[in-house]
Every structure is written in C-alpha cells, then in structure tokens.
Amino acid sequence: MMEPPVSTRGLSKTFGDTVALSELDLDVRSGEIFGYLGPNGAGKTTTLRLLLGMLKPLAGKARILGHDCWREQVAVHRLVGYLPGDPALYGHLTGAQHVEYFGALRGGERHGHAAELAQRLGLDLRRAARTLSRGNRQKLGIVLALMSRPELLVLDEPSSGLDPIMQRELHGLLREHTARGGAVLLSSHVLAEVQRVADRIGILRAGRLIAVERIDELRSKSLHRVSAWFSDEVAAAEFAGIPGVRQLEVGDRWLTCGVPRSALDDLLKRISRHPVMDLECVEAGLEETFLAYYAEPSGAQQVRTDAT
Ligand SMILES: Nc1ncnc2c1ncn2[C@@H]1O[C@H](COP(=O)(O)OP(=O)(O)OP(=O)(O)O)[C@@H](O)[C@H]1O
C-alpha cells in the first residue's frame, strides 16, 4: 500500500519538563481533510512544527510525502502548503510582492493560481501587508499556502479571523483540493467549525491523541437529549441500565438524559408506562455528543486509534 501523505509513529516532543507531544501515531490520507482538534496547549502547533521540520523530535518518526520531516525539511517545505497560526508577513510588501517572493522561493512559476484565490477570498493583492486587517492577513496567508497547488496542505487554525462567508469559501477551496486527490491536515480548537469540513477528526489532549473518528460515524452516535415530565412519581431504577444512556437524572416527576438513537425506543417505552405531561427530544450537536463520549477519563474505553 502506498504511504499516506502524512505518517507519524511514536512522535514525541518535550520542552523542559513539559511533554508537548507523546507518542503520536497519525496518518492523513490522500483525498481527505483531517481535523486535528484540541484545547489550547494540547500540542497541535507542536505537531505541525514537527511535521514541517521546524522542531526536532525527541523520539519517533514523522514523514511527509515520502520524506523524513526533520532530515529532509527543505524537500518537505517545497511540497507542503503551510499556513502558520500567525502568518509571517513583511509589512512593507504588498500581497502581490509576497506572492512573487514566496513563489520564487518555492521554485519559480508556481503561483499562477494566486490571483484567482485572492479574488475568491475578496483580498486586494495591491495593498501593503501592514495595512491589512487581521482577517485579510489570514487570507493572504491562505493564498500563499495554496497558490502552488501543493499535494498536502497543513493549516494551523485557518479560519481564525475569517467571517462565516469567507470560512465557507475556504472550505470550498479545501474540498476542491481533496477532490483533486490532495490531503489536508487542519488544526483547530473548535469542533463545531471542523465538523463542517473534515472527513475525520483526531482529538489531542495534553499531548496525547485520544481519539480518531470519522465525522459520519460520530454523527451516527449522535445523542438525543430527552426530558420528560410526569403527572405521577417515577423512580430512578425504572430507567437504569439502558445501554448507551448517559447523564441520567431522575426527579420525583421528571427525568432528563442523553440517549443514542439505538436506545430511544427502549427509553420511550419505559417513559410511556407513566402518564406523560410533557416531552422534549432534541438532537444534541456533535460537540455535546463528542464530549459525552470523550470528556471523562472513562470515555477512554470508547477510544479508537485508527478509524477506517
Ligand atoms: N517553544 C516552546 N517552549 C516551551 N514550551 C513550549 C514551546 N512550544 C510549546 N510549548 C508548550 O507545549 C505545549 C503544547 O503547545 P502547543 O503550542 O503545541 O499547543 P496548541 O495545541 O497548539 O495550543 P494553541 O491552541 O494554544 O495554539 C504547551 O504546554 C506549551 O506551553
């Protein structure tokens, strides 16, 4: 089988006593957008910097498009479109001059696509970088990362500073990229945003990859939040032991819980043994579903490290 565009095994990094990344095994495949999620300080940027050869790993291996990220970092830089968290721009240069400069660094005629990208993102390439707003600086960073049509895009929080319309435009560009067979590794701390564009997500917490999941699988596990109010008293024991039911709370005349679709029928049958005064059933967002599965340490039993 061909090696995936991004492949790491046992990749680890420390800064003094801080373990920034611990034994990361990660594959990002051709044709997919992989959302790399984690709270602030989880180790996302450290991972991306290791992949770009900007940091030396303490242990383990990282390969991109067949090259060792640390030993062959020049080759890796030529092949990857990288958007750092805070794009390094030259204040006095215009967008067009950045395109020329970075295009030349990447080997000449590899930026024909830039004007079209700028137009789609609504960015004026004639303006000096120092006069650009935060969102427009981000757009210029995106143009520079995508303009050479690299096979792999590595994007650190690409939507930050973009309004919802521009986020959608960016997602469209990323979809076009994967439709051509390209791959995307995209870091973010916001699941709600990543779920709109990613095919798979990986969750990093305190330097450890605790879960990898296909978005559609996560959706199929999606919880419903059920609340019921009764006109007589109910007992908690009547609702205990339904597989998959979470956060069950039962009062004298009410109950509330999170329920996967598979357990809805069982729960509703038990509820209907009592006179029901009111019932509410709403599908929880992925964020809530996700937290229910992975937030507590006990969620570790559910963790899959290689969703297929
Ligand atoms: N150059 C450095 N020197 C010392 N510690 C560092 C350095 N870079 C990162 N760290 C530490 O490593 C850990 C992981 O940081 P990292 O920046 O990779 O997290 P992150 O997931 O990208 O967070 P954020 O979303 O805030 O950017 C943190 O505890 C951070 O303080």
# chains A, B, ... in the order shown; residues from 1 in each chain; ligands from 1
$ residues_around --residues "Gly95 of chain A" --least-positions-apart "6" --cutoff "9 Å" --atoms "only C-alpha atoms" --output "number ranges by chain"
A: 123-129, 140
$ select_by_dssp --residues "segment 106-283 of chain A" --states "strand (DSSP E or B)" --output "PyMOL selection string"
chain A and resi 128+152-156+183-188+200-205+208-214+223-230+246-250+254-260+276-283
$ atom_distance --atom1 "atom 12 (O, counted along the ligand's line) of ligand 1" --atom2 "atom CA of Ala206 of chain A"
8.8 Å
$ closest_residue --among "A:Val190, A:Ala198, A:Leu144, A:Leu11" --to "ligand 1" --atoms "only C-alpha atoms and all ligand atoms"
A:Val190
$ closest_atom_pairs --of "chain A" --to "ligand 1" --cutoff "8 Å" --atoms "only C-alpha atoms and all ligand atoms" --output "CSV"
residue,atom,partner,partner_atom_place_in_ligand_line,distance
A:Thr14,CA,ligand 1,12 (O),7.3
A:Phe15,CA,ligand 1,4 (C),4.8
A:Gly16,CA,ligand 1,4 (C),7.0
A:Thr18,CA,ligand 1,29 (O),6.1
A:Val19,CA,ligand 1,12 (O),6.6
A:Ala20,CA,ligand 1,12 (O),4.1
A:Leu21,CA,ligand 1,14 (C),7.1
A:Leu37,CA,ligand 1,21 (O),8.0
A:Gly38,CA,ligand 1,21 (O),5.8
A:Pro39,CA,ligand 1,25 (O),5.8
A:Asn40,CA,ligand 1,26 (O),3.4
A:Gly41,CA,ligand 1,19 (O),3.4
A:Ala42,CA,ligand 1,21 (O),3.7
A:Gly43,CA,ligand 1,18 (O),3.1
A:Lys44,CA,ligand 1,21 (O),3.7
A:Thr45,CA,ligand 1,22 (O),3.6
A:Thr46,CA,ligand 1,18 (O),3.6
A:Thr47,CA,ligand 1,18 (O),6.4
A:Gly85,CA,ligand 1,27 (O),7.4
A:Ser188,CA,ligand 1,25 (O),7.1
A:His189,CA,ligand 1,25 (O),6.2
A:Leu204,CA,ligand 1,21 (O),7.7
A:Ala206,CA,ligand 1,14 (C),7.5
A:Gly207,CA,ligand 1,14 (C),6.8
$ write_last_selection --atoms "N, CA and C atoms" --output "mmCIF file, in the first residue's frame"
data_model
loop_
_atom_site.group_PDB
_atom_site.id
_atom_site.type_symbol
_atom_site.label_atom_id
_atom_site.label_comp_id
_atom_site.auth_asym_id
_atom_site.auth_seq_id
_atom_site.Cartn_x
_atom_site.Cartn_y
_atom_site.Cartn_z
ATOM 1 N N THR A 14 9.328 17.155 23.933
ATOM 2 C CA THR A 14 9.207 17.822 25.240
ATOM 3 C C THR A 14 9.895 19.180 25.154
ATOM 4 N N PHE A 15 9.434 20.090 26.003
ATOM 5 C CA PHE A 15 10.128 21.368 26.228
ATOM 6 C C PHE A 15 10.430 21.404 27.709
ATOM 7 N N GLY A 16 11.678 21.174 28.091
ATOM 8 C CA GLY A 16 11.992 21.079 29.513
ATOM 9 C C GLY A 16 11.162 19.970 30.135
ATOM 10 N N THR A 18 7.898 19.989 30.191
ATOM 11 C CA THR A 18 6.570 19.914 29.559
ATOM 12 C C THR A 18 6.575 18.879 28.439
ATOM 13 N N VAL A 19 5.668 17.924 28.555
ATOM 14 C CA VAL A 19 5.504 16.958 27.461
ATOM 15 C C VAL A 19 4.503 17.570 26.484
ATOM 16 N N ALA A 20 5.006 18.089 25.362
ATOM 17 C CA ALA A 20 4.118 18.767 24.412
ATOM 18 C C ALA A 20 3.418 17.755 23.509
ATOM 19 N N LEU A 21 4.099 16.642 23.215
ATOM 20 C CA LEU A 21 3.512 15.616 22.349
ATOM 21 C C LEU A 21 4.058 14.260 22.763
ATOM 22 N N LEU A 37 -7.937 18.353 16.402
ATOM 23 C CA LEU A 37 -8.625 19.173 17.398
ATOM 24 C C LEU A 37 -8.014 19.040 18.776
ATOM 25 N N GLY A 38 -8.038 20.116 19.510
ATOM 26 C CA GLY A 38 -7.598 20.047 20.900
ATOM 27 C C GLY A 38 -7.677 21.411 21.530
ATOM 28 N N PRO A 39 -7.794 21.451 22.853
ATOM 29 C CA PRO A 39 -7.842 22.752 23.528
ATOM 30 C C PRO A 39 -6.487 23.458 23.452
ATOM 31 N N ASN A 40 -6.457 24.700 23.877
ATOM 32 C CA ASN A 40 -5.205 25.453 23.886
ATOM 33 C C ASN A 40 -4.141 24.668 24.663
ATOM 34 N N GLY A 41 -2.960 24.618 24.087
ATOM 35 C CA GLY A 41 -1.842 23.959 24.780
ATOM 36 C C GLY A 41 -1.815 22.452 24.632
ATOM 37 N N ALA A 42 -2.718 21.880 23.819
ATOM 38 C CA ALA A 42 -2.790 20.418 23.695
ATOM 39 C C ALA A 42 -1.608 19.829 22.923
ATOM 40 N N GLY A 43 -0.978 20.659 22.081
ATOM 41 C CA GLY A 43 0.166 20.164 21.306
ATOM 42 C C GLY A 43 -0.057 20.190 19.800
ATOM 43 N N LYS A 44 -1.084 20.876 19.340
ATOM 44 C CA LYS A 44 -1.387 20.905 17.909
ATOM 45 C C LYS A 44 -0.274 21.602 17.126
ATOM 46 N N THR A 45 0.056 22.817 17.549
ATOM 47 C CA THR A 45 1.079 23.573 16.827
ATOM 48 C C THR A 45 2.419 22.846 16.881
ATOM 49 N N THR A 46 2.718 22.259 18.020
ATOM 50 C CA THR A 46 3.964 21.485 18.139
ATOM 51 C C THR A 46 3.984 20.379 17.085
ATOM 52 N N THR A 47 2.854 19.694 16.905
ATOM 53 C CA THR A 47 2.778 18.629 15.891
ATOM 54 C C THR A 47 3.057 19.197 14.503
ATOM 55 N N GLY A 85 0.000 29.557 12.423
ATOM 56 C CA GLY A 85 -1.033 30.193 13.239
ATOM 57 C C GLY A 85 -1.034 31.701 13.064
ATOM 58 N N SER A 188 -7.489 22.930 14.814
ATOM 59 C CA SER A 188 -8.492 23.854 15.320
ATOM 60 C C SER A 188 -8.803 23.510 16.761
ATOM 61 N N HIS A 189 -9.352 24.475 17.505
ATOM 62 C CA HIS A 189 -9.848 24.099 18.823
ATOM 63 C C HIS A 189 -11.374 24.123 18.858
ATOM 64 N N LEU A 204 -6.735 15.676 20.374
ATOM 65 C CA LEU A 204 -5.494 15.704 21.135
ATOM 66 C C LEU A 204 -5.793 16.321 22.483
ATOM 67 N N ALA A 206 -3.599 17.141 26.111
ATOM 68 C CA ALA A 206 -2.343 17.086 26.874
ATOM 69 C C ALA A 206 -1.296 16.246 26.143
ATOM 70 N N GLY A 207 -1.136 16.502 24.848
ATOM 71 C CA GLY A 207 -0.072 15.858 24.083
ATOM 72 C C GLY A 207 -0.378 14.447 23.620
#
$ select_by_dssp --residues "segment 47-251 of chain A" --states "alpha helix (DSSP H)" --output "ChimeraX atom specification"
/A:47-51,73-79,95-105,114-121,134-146,164-179,191-194,215-220
$ atom_distance --atom1 "atom CA of Lys139 of chain A" --atom2 "atom CA of Glu100 of chain A"
16.1 Å
$ atom_distance --atom1 "atom CA of Glu169 of chain A" --atom2 "atom CA of Leu48 of chain A"
23.4 Å
$ residues_around --residues "segment 24-31 of chain A" --least-positions-apart "4" --cutoff "8 Å" --atoms "only C-alpha atoms" --output "list in words"
Pro4, Pro5, Val6, Ser7, Thr8, Arg9, Gly10, Leu11, Ser12, His177, Thr178, Ala179, Arg180, Gly181, Gly182, Ala183, Val184, Leu185, Arg208 and Leu209 of chain A
$ residues_around --residues "Asp252 of chain A" --least-positions-apart "4" --cutoff "9 Å" --atoms "only C-alpha atoms" --output "mmCIF file with all heavy atoms, in the first residue's frame"
data_model
loop_
_atom_site.group_PDB
_atom_site.id
_atom_site.type_symbol
_atom_site.label_atom_id
_atom_site.label_comp_id
_atom_site.auth_asym_id
_atom_site.auth_seq_id
_atom_site.Cartn_x
_atom_site.Cartn_y
_atom_site.Cartn_z
ATOM 1 N N PHE A 230 -43.808 14.061 34.275
ATOM 2 C CA PHE A 230 -44.893 13.104 34.529
ATOM 3 C C PHE A 230 -45.899 13.687 35.504
ATOM 4 O O PHE A 230 -45.570 14.573 36.309
ATOM 5 C CB PHE A 230 -44.316 11.821 35.129
ATOM 6 C CG PHE A 230 -43.224 11.213 34.301
ATOM 7 C CD1 PHE A 230 -41.882 11.475 34.576
ATOM 8 C CD2 PHE A 230 -43.527 10.375 33.233
ATOM 9 C CE1 PHE A 230 -40.869 10.923 33.810
ATOM 10 C CE2 PHE A 230 -42.518 9.815 32.464
ATOM 11 C CZ PHE A 230 -41.178 10.091 32.752
ATOM 12 N N ASP A 232 -47.358 11.570 37.663
ATOM 13 C CA ASP A 232 -47.191 10.823 38.919
ATOM 14 C C ASP A 232 -45.701 10.614 39.178
ATOM 15 O O ASP A 232 -44.860 10.995 38.356
ATOM 16 C CB ASP A 232 -47.990 9.521 38.895
ATOM 17 C CG ASP A 232 -47.456 8.542 37.858
ATOM 18 O OD1 ASP A 232 -46.407 8.841 37.243
ATOM 19 O OD2 ASP A 232 -48.080 7.485 37.664
ATOM 20 N N GLU A 233 -45.408 9.985 40.290
ATOM 21 C CA GLU A 233 -43.993 9.872 40.672
ATOM 22 C C GLU A 233 -43.318 8.724 39.923
ATOM 23 O O GLU A 233 -43.913 7.684 39.682
ATOM 24 C CB GLU A 233 -43.892 9.660 42.182
ATOM 25 C CG GLU A 233 -44.234 10.929 42.922
ATOM 26 C CD GLU A 233 -43.865 10.868 44.396
ATOM 27 O OE1 GLU A 233 -43.250 9.876 44.830
ATOM 28 O OE2 GLU A 233 -44.214 11.825 45.101
ATOM 29 N N VAL A 234 -42.057 8.945 39.588
ATOM 30 C CA VAL A 234 -41.275 7.893 38.925
ATOM 31 C C VAL A 234 -40.060 7.583 39.787
ATOM 32 O O VAL A 234 -39.644 8.402 40.607
ATOM 33 C CB VAL A 234 -40.835 8.338 37.512
ATOM 34 C CG1 VAL A 234 -42.036 8.544 36.614
ATOM 35 C CG2 VAL A 234 -39.972 9.593 37.574
ATOM 36 N N ALA A 235 -39.479 6.394 39.560
ATOM 37 C CA ALA A 235 -38.294 6.001 40.335
ATOM 38 C C ALA A 235 -37.114 5.852 39.381
ATOM 39 O O ALA A 235 -37.277 5.352 38.254
ATOM 40 C CB ALA A 235 -38.551 4.684 41.048
ATOM 41 N N ALA A 236 -35.947 6.273 39.850
ATOM 42 C CA ALA A 236 -34.752 6.224 39.006
ATOM 43 C C ALA A 236 -34.498 4.807 38.503
ATOM 44 O O ALA A 236 -34.086 4.603 37.351
ATOM 45 C CB ALA A 236 -33.552 6.745 39.802
#
$ residues_around --residues "segment 214-223 of chain A" --least-positions-apart "6" --cutoff "6 Å" --atoms "only C-alpha atoms" --output "list in words"
Asp199, Arg200, Gly258, Val259, Pro260, Ala284 and Thr289 of chain A
$ write_last_selection --atoms "N, CA and C atoms" --output "short mmCIF file (atom, residue, chain, number, x, y, z; two decimals), in the first residue's frame"
data_model
loop_
_atom_site.label_atom_id
_atom_site.label_comp_id
_atom_site.auth_asym_id
_atom_site.auth_seq_id
_atom_site.Cartn_x
_atom_site.Cartn_y
_atom_site.Cartn_z
N ASP A 199 -13.32 15.19 7.13
CA ASP A 199 -13.81 13.82 6.94
C ASP A 199 -13.56 13.00 8.19
N ARG A 200 -12.39 13.21 8.77
CA ARG A 200 -12.09 12.54 10.05
C ARG A 200 -11.57 13.60 11.01
N GLY A 258 -29.14 11.88 28.13
CA GLY A 258 -28.64 11.84 26.76
C GLY A 258 -28.77 10.40 26.25
N VAL A 259 -29.32 10.25 25.04
CA VAL A 259 -29.65 8.91 24.55
C VAL A 259 -29.18 8.74 23.11
N PRO A 260 -28.42 7.69 22.79
CA PRO A 260 -28.13 7.45 21.38
C PRO A 260 -29.40 6.95 20.68
N ALA A 284 -28.66 16.37 20.03
CA ALA A 284 -27.55 17.18 20.53
C ALA A 284 -26.58 17.44 19.39
N THR A 289 -22.24 15.50 21.83
CA THR A 289 -22.03 14.06 21.64
C THR A 289 -20.58 13.71 21.91
#
$ residues_around --residues "Met277 of chain A" --least-positions-apart "4" --cutoff "9 Å" --atoms "only C-alpha atoms" --output "list in words"
Ala228, Trp229, Phe230 and Ser231 of chain A
